[in-house]
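Below is one structure; the comments refer to it alone.
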Amino acid sequence: MDTNRDLLLREEVYRIVACAMEVLNRLGQGLHEKPYENVLVVEFGLQKIPYLQQPHYDVIDKGVKVGDYVPDLVAFSSIVIDTKVIETITDHERGQLLNYLRITGHAVGVILNFKRSRLEWERIVLTRHE
């Protein structure tokens, strides 16, 4: 495991997670995903975290555009954020986020799960081998 890679954007991820905790404390648990995404945008603004909401990325296969990918949020121009309201984060969500990182060209992603009163989150790093 590449230790330097694992530490990539660590402080930025912690700031994102702190914002998500604040959002969960304000809104409570179990709403649909969109309100959490929207309140996260408000919190990012208050914390002066640069972000894009719902940016569009082309999905390319063999040089041909075959679709679009629209992540919930991209913070610090480099971290893909996937907001969820699910039972628990599984390999399915981890695999999806790795695909999202390949599409966007970013190396770090964060899954935020607002299902329960305690935030569940995971930081995913795309390595060169994946």
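Residues are referred to by chain and number: the chain letter is A, B, ... according to the order shown in the structure tokens, the number counts from 1 in that chain, and ligands are numbered separately from 1 in the order shown.
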
Residues near Leu73 in chain A, cut-off 8 Å, only C-alpha atoms, skip fewer than 2 positions along chain, as a PyMOL selection string: chain A and resi 37+51-55+71+75+80-82

Write out, as a PDB file, in the first residue's frame, the residues just selected, with N, CA and C atoms.
```pdb
ATOM      1  N   GLU A  37     -27.190  16.867   0.268  1.00  0.00           N
ATOM      2  CA  GLU A  37     -26.290  17.463  -0.720  1.00  0.00           C
ATOM      3  C   GLU A  37     -26.426  18.981  -0.715  1.00  0.00           C
ATOM      4  N   TYR A  51     -16.225  24.280  -4.230  1.00  0.00           N
ATOM      5  CA  TYR A  51     -16.949  23.084  -4.674  1.00  0.00           C
ATOM      6  C   TYR A  51     -17.645  23.350  -6.001  1.00  0.00           C
ATOM      7  N   LEU A  52     -18.003  22.264  -6.664  1.00  0.00           N
ATOM      8  CA  LEU A  52     -18.906  22.288  -7.809  1.00  0.00           C
ATOM      9  C   LEU A  52     -20.031  21.321  -7.476  1.00  0.00           C
ATOM     10  N   GLN A  53     -21.264  21.740  -7.726  1.00  0.00           N
ATOM     11  CA  GLN A  53     -22.408  20.855  -7.512  1.00  0.00           C
ATOM     12  C   GLN A  53     -22.881  20.349  -8.865  1.00  0.00           C
ATOM     13  N   GLN A  54     -22.978  19.034  -8.992  1.00  0.00           N
ATOM     14  CA  GLN A  54     -23.469  18.362 -10.187  1.00  0.00           C
ATOM     15  C   GLN A  54     -22.695  18.737 -11.465  1.00  0.00           C
ATOM     16  N   PRO A  55     -21.349  18.739 -11.408  1.00  0.00           N
ATOM     17  CA  PRO A  55     -20.592  18.987 -12.642  1.00  0.00           C
ATOM     18  C   PRO A  55     -20.745  17.795 -13.591  1.00  0.00           C
ATOM     19  N   PRO A  71     -21.445  13.742 -10.780  1.00  0.00           N
ATOM     20  CA  PRO A  71     -21.303  13.491  -9.345  1.00  0.00           C
ATOM     21  C   PRO A  71     -22.123  14.491  -8.536  1.00  0.00           C
ATOM     22  N   ALA A  75     -15.286  18.726  -4.392  1.00  0.00           N
ATOM     23  CA  ALA A  75     -14.749  19.772  -3.520  1.00  0.00           C
ATOM     24  C   ALA A  75     -13.250  19.913  -3.748  1.00  0.00           C
ATOM     25  N   VAL A  80     -14.187  13.792  -5.199  1.00  0.00           N
ATOM     26  CA  VAL A  80     -15.552  13.452  -5.587  1.00  0.00           C
ATOM     27  C   VAL A  80     -16.315  13.043  -4.330  1.00  0.00           C
ATOM     28  N   ILE A  81     -17.478  13.653  -4.115  1.00  0.00           N
ATOM     29  CA  ILE A  81     -18.290  13.371  -2.936  1.00  0.00           C
ATOM     30  C   ILE A  81     -19.587  12.725  -3.379  1.00  0.00           C
ATOM     31  N   ASP A  82     -19.879  11.572  -2.783  1.00  0.00           N
ATOM     32  CA  ASP A  82     -21.093  10.820  -3.088  1.00  0.00           C
ATOM     33  C   ASP A  82     -21.947  10.771  -1.829  1.00  0.00           C
TER      34      ASP A  82
END
```

Point to revise | Who sits within 12 Å of Asn38 in chain A, only C-alpha atoms, same chain under 4 positions skipped, as a list in words | key: Ala20, Val23, Leu27, Leu31, His32, Glu33, Lys34, Val42, Glu43, Phe44, Gly45, Tyr51, Leu52, Gln53, Gln54, Asp72, Leu73 and Thr83 of chain A

(Q) DSSP on the backbone: which residues in chain A end up as strand (DSSP E or B)? Give the answer as a ChimeraX atom specification. (A) /A:51-53,57-61,64-69,73-75,79-84,108-113,120-125

_I'd like the neighbourhood of Arg116 in chain A as JSON, numbers by chain, where a residue qualifies if any of its atoms comes within 7 Å (using only C-alpha atoms), though same-chain residues fewer than 3 positions away should be ignored._
{"A": [29, 30, 119]}

Produce a file of the selected residues containing C-alpha atoms, as a compact mmCIF listing (two decimals), in the first residue's frame.
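What ended up in part_4.txt:
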```
# COMPACT_ATOMS: atom_id res chain seq x y z
CA GLN A 29 -31.05 11.41 9.85
CA GLY A 30 -32.96 9.57 7.17
CA LEU A 119 -22.37 9.78 10.10
```

Mind checking DSSP for chain A and telling me the helix (DSSP H, G or I) residues as a tab-separated table (two decimals) with C-alpha atoms, in the first residue's frame?
```
chain	number	residue	atom	x	y	z
A	3	THR	CA	1.34	5.40	2.31
A	4	ASN	CA	1.92	8.75	0.61
A	5	ARG	CA	-1.07	8.12	-1.64
A	6	ASP	CA	-3.29	7.25	1.33
A	10	ARG	CA	-6.20	14.14	4.10
A	11	GLU	CA	-6.89	17.58	5.61
A	12	GLU	CA	-9.38	18.41	2.87
A	13	VAL	CA	-11.24	15.12	3.48
A	14	TYR	CA	-11.39	15.86	7.22
A	15	ARG	CA	-12.88	19.29	6.47
A	16	ILE	CA	-15.52	17.68	4.22
A	17	VAL	CA	-16.40	15.11	6.89
A	18	ALA	CA	-16.64	17.82	9.56
A	19	CYS	CA	-19.10	19.68	7.33
A	20	ALA	CA	-21.11	16.48	6.82
A	21	MET	CA	-21.29	15.93	10.58
A	22	GLU	CA	-22.56	19.46	11.03
A	23	VAL	CA	-25.17	18.90	8.32
A	24	LEU	CA	-26.34	15.67	9.97
A	25	ASN	CA	-26.56	17.39	13.34
A	26	ARG	CA	-28.70	20.16	11.83
A	27	LEU	CA	-31.00	18.09	9.59
A	33	GLU	CA	-30.06	12.33	-0.41
A	34	LYS	CA	-30.74	15.67	-2.15
A	35	PRO	CA	-31.42	17.74	1.01
A	36	TYR	CA	-28.11	16.56	2.48
A	37	GLU	CA	-26.29	17.46	-0.72
A	38	ASN	CA	-27.91	20.91	-0.77
A	39	VAL	CA	-27.20	21.65	2.90
A	40	LEU	CA	-23.64	20.43	2.41
A	41	VAL	CA	-23.33	23.12	-0.27
A	42	VAL	CA	-24.51	25.71	2.27
A	43	GLU	CA	-21.98	24.44	4.83
A	44	PHE	CA	-19.17	24.41	2.26
A	45	GLY	CA	-19.95	28.06	1.55
A	46	LEU	CA	-19.83	28.91	5.26
A	91	ASP	CA	-18.34	-2.90	-1.84
A	92	HIS	CA	-20.99	-1.84	-4.37
A	93	GLU	CA	-20.69	1.83	-3.34
A	94	ARG	CA	-16.91	1.56	-3.10
A	95	GLY	CA	-16.75	0.12	-6.62
A	96	GLN	CA	-19.05	2.83	-7.96
A	97	LEU	CA	-16.86	5.54	-6.46
A	98	LEU	CA	-13.72	3.99	-7.96
A	99	ASN	CA	-15.43	4.14	-11.37
A	100	TYR	CA	-16.39	7.76	-10.71
A	101	LEU	CA	-12.75	8.55	-9.90
A	102	ARG	CA	-11.60	6.92	-13.15
A	103	ILE	CA	-14.15	8.98	-15.13
A	104	THR	CA	-13.30	12.30	-13.48
```

Open item on the list: Give me the residues near range 105-109 of chain A as a list in words, where near means some atom within 6 Å (using only C-alpha atoms) and where sequence neighbours in that chain fewer than 6 positions away do not count.
Closed with: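 In the requested format, the answer is Ser78, Ile79, Val80, Ile81, Arg123, Ile124, Val125 and Leu126 of chain A.
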
Taken to one decimal, the CA of Leu7 in chain A-CA of Val74 in chain A distance is 18.3 Å

>> Rounded to one decimal, what separation in Å do you get between CA of Lys84 in chain A and CA of Ile60 in chain A?
In response: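 Those two atoms sit 25.6 Å apart.
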
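Rounded to one decimal, CA of Lys115 in chain A and CA of Tyr57 in chain A lie 27.6 Å from each other.
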
So that I can check the surroundings of Asp58 in chain A, please list as JSON, numbers by chain every protein, DNA and RNA residue that reaches within 9 Å of it, counting only C-alpha atoms and ignoring chain neighbours fewer than 4 positions away. {"A": [65, 66, 67, 68, 69, 70, 103, 104]}

From the list A:Val64, A:Val110, A:His56, A:Trp121, the nearest residue to Ile86 in chain A using only C-alpha atoms is A:Trp121
